[in-house]
Amino acid sequence: LLISSTKERNEVKQEKFGLPWRGVLYDVTACTLTALAFIFAKITLTSSGTNISAFHATWIRVITAFGALMIFDLVRQKPTGFIRKVFYNKRNAILLFFGITFGAVLGLSFFLMAYTRLKVAEASTILSLIPVNVLIISVIIYKKKVSTQSWLYSLLAVAGVIVLIWRDNLIKYFQGI
């Protein structure tokens, strides 16, 4: 849906990301399951008597996921040796370490903190700006050339987030004019 040109579609095929529609299906599934997880996490973190920080909750999630993956492989009796595969290539191990640190640990921890301090819809709406951040990082770090159309989509996304989050204040402001 966000692939706006033939060039971008060809890049997806060339880099073997698969068909965009399959990716959309996986993304919708991930979005739904993640929303459920965050709702349960907010209930847990904001309920009375819960004295667990977002950082501790994140580590519990990461360790549980790692353990579940190991158990899943044992039950299937098809151990993938994923740990050995990751550390075989030093560059991949370093990238994975930073990916886990920034995304799964710090990103998720700050997101859980946001969930406890904002409405779920507001925190989720702000999180929807990830593609805009990816676009900016791609330009700064990887020197990717981004089409004008992609920049316009990004501005539209930011404007949409602003409207959704501050809609009540915007309504009051424009009614006062």
# chains A, B, ... in the order shown; residues from 1 in each chain; ligands from 1

$ select_by_dssp --residues "stretch 10-176 of chain A" --states "alpha helix (DSSP H)" --output "PyMOL selection string"
chain A and resi 10-14+20-46+54-76+82-88+90-99+108-117+120-127+130-140+148-165+167-176

$ residues_around --residues "A:Ser124" --least-positions-apart "2" --cutoff "10 Å" --atoms "only C-alpha atoms" --output "PyMOL selection string"
chain A and resi 35+38+111+114-115+118-122+126-129+161

$ residues_around --residues "stretch 43-59 of chain A" --least-positions-apart "6" --cutoff "8 Å" --atoms "only C-alpha atoms" --output "PyMOL selection string"
chain A and resi 104-106+108-110+112-113+116

$ write_last_selection --atoms "N, CA, C and O atoms" --output "PDB file, in the first residue's frame"
ATOM      1  N   ALA A 104      13.903  -3.978  20.950  1.00  0.00           N
ATOM      2  CA  ALA A 104      13.183  -4.845  21.884  1.00  0.00           C
ATOM      3  C   ALA A 104      13.316  -4.392  23.333  1.00  0.00           C
ATOM      4  O   ALA A 104      12.397  -4.573  24.121  1.00  0.00           O
ATOM      5  N   VAL A 105      14.437  -3.804  23.701  1.00  0.00           N
ATOM      6  CA  VAL A 105      14.618  -3.425  25.107  1.00  0.00           C
ATOM      7  C   VAL A 105      14.285  -1.950  25.332  1.00  0.00           C
ATOM      8  O   VAL A 105      13.306  -1.632  26.001  1.00  0.00           O
ATOM      9  N   LEU A 106      15.073  -1.052  24.769  1.00  0.00           N
ATOM     10  CA  LEU A 106      14.843   0.375  25.036  1.00  0.00           C
ATOM     11  C   LEU A 106      13.547   0.879  24.382  1.00  0.00           C
ATOM     12  O   LEU A 106      12.748   1.550  25.040  1.00  0.00           O
ATOM     13  N   LEU A 108      10.846  -0.739  23.371  1.00  0.00           N
ATOM     14  CA  LEU A 108       9.671  -1.326  24.013  1.00  0.00           C
ATOM     15  C   LEU A 108       9.485  -0.786  25.429  1.00  0.00           C
ATOM     16  O   LEU A 108       8.359  -0.511  25.852  1.00  0.00           O
ATOM     17  N   SER A 109      10.568  -0.599  26.155  1.00  0.00           N
ATOM     18  CA  SER A 109      10.467  -0.059  27.517  1.00  0.00           C
ATOM     19  C   SER A 109       9.881   1.350  27.505  1.00  0.00           C
ATOM     20  O   SER A 109       8.973   1.665  28.276  1.00  0.00           O
ATOM     21  N   PHE A 110      10.403   2.207  26.641  1.00  0.00           N
ATOM     22  CA  PHE A 110       9.874   3.566  26.564  1.00  0.00           C
ATOM     23  C   PHE A 110       8.426   3.564  26.085  1.00  0.00           C
ATOM     24  O   PHE A 110       7.611   4.373  26.525  1.00  0.00           O
ATOM     25  N   LEU A 112       6.221   1.166  26.667  1.00  0.00           N
ATOM     26  CA  LEU A 112       5.402   0.766  27.816  1.00  0.00           C
ATOM     27  C   LEU A 112       5.248   1.919  28.807  1.00  0.00           C
ATOM     28  O   LEU A 112       4.184   2.108  29.392  1.00  0.00           O
ATOM     29  N   MET A 113       6.305   2.708  28.987  1.00  0.00           N
ATOM     30  CA  MET A 113       6.198   3.880  29.862  1.00  0.00           C
ATOM     31  C   MET A 113       5.203   4.878  29.278  1.00  0.00           C
ATOM     32  O   MET A 113       4.416   5.483  30.019  1.00  0.00           O
ATOM     33  N   THR A 116       1.656   3.829  29.963  1.00  0.00           N
ATOM     34  CA  THR A 116       1.173   4.043  31.330  1.00  0.00           C
ATOM     35  C   THR A 116       0.878   5.516  31.601  1.00  0.00           C
ATOM     36  O   THR A 116       0.210   5.834  32.566  1.00  0.00           O
TER      37      THR A 116
END

$ residues_around --residues "stretch 153-157 of chain A" --least-positions-apart "6" --cutoff "12 Å" --atoms "only C-alpha atoms" --output "ChimeraX atom specification"
/A:1-4,125-136,146-147,163-164
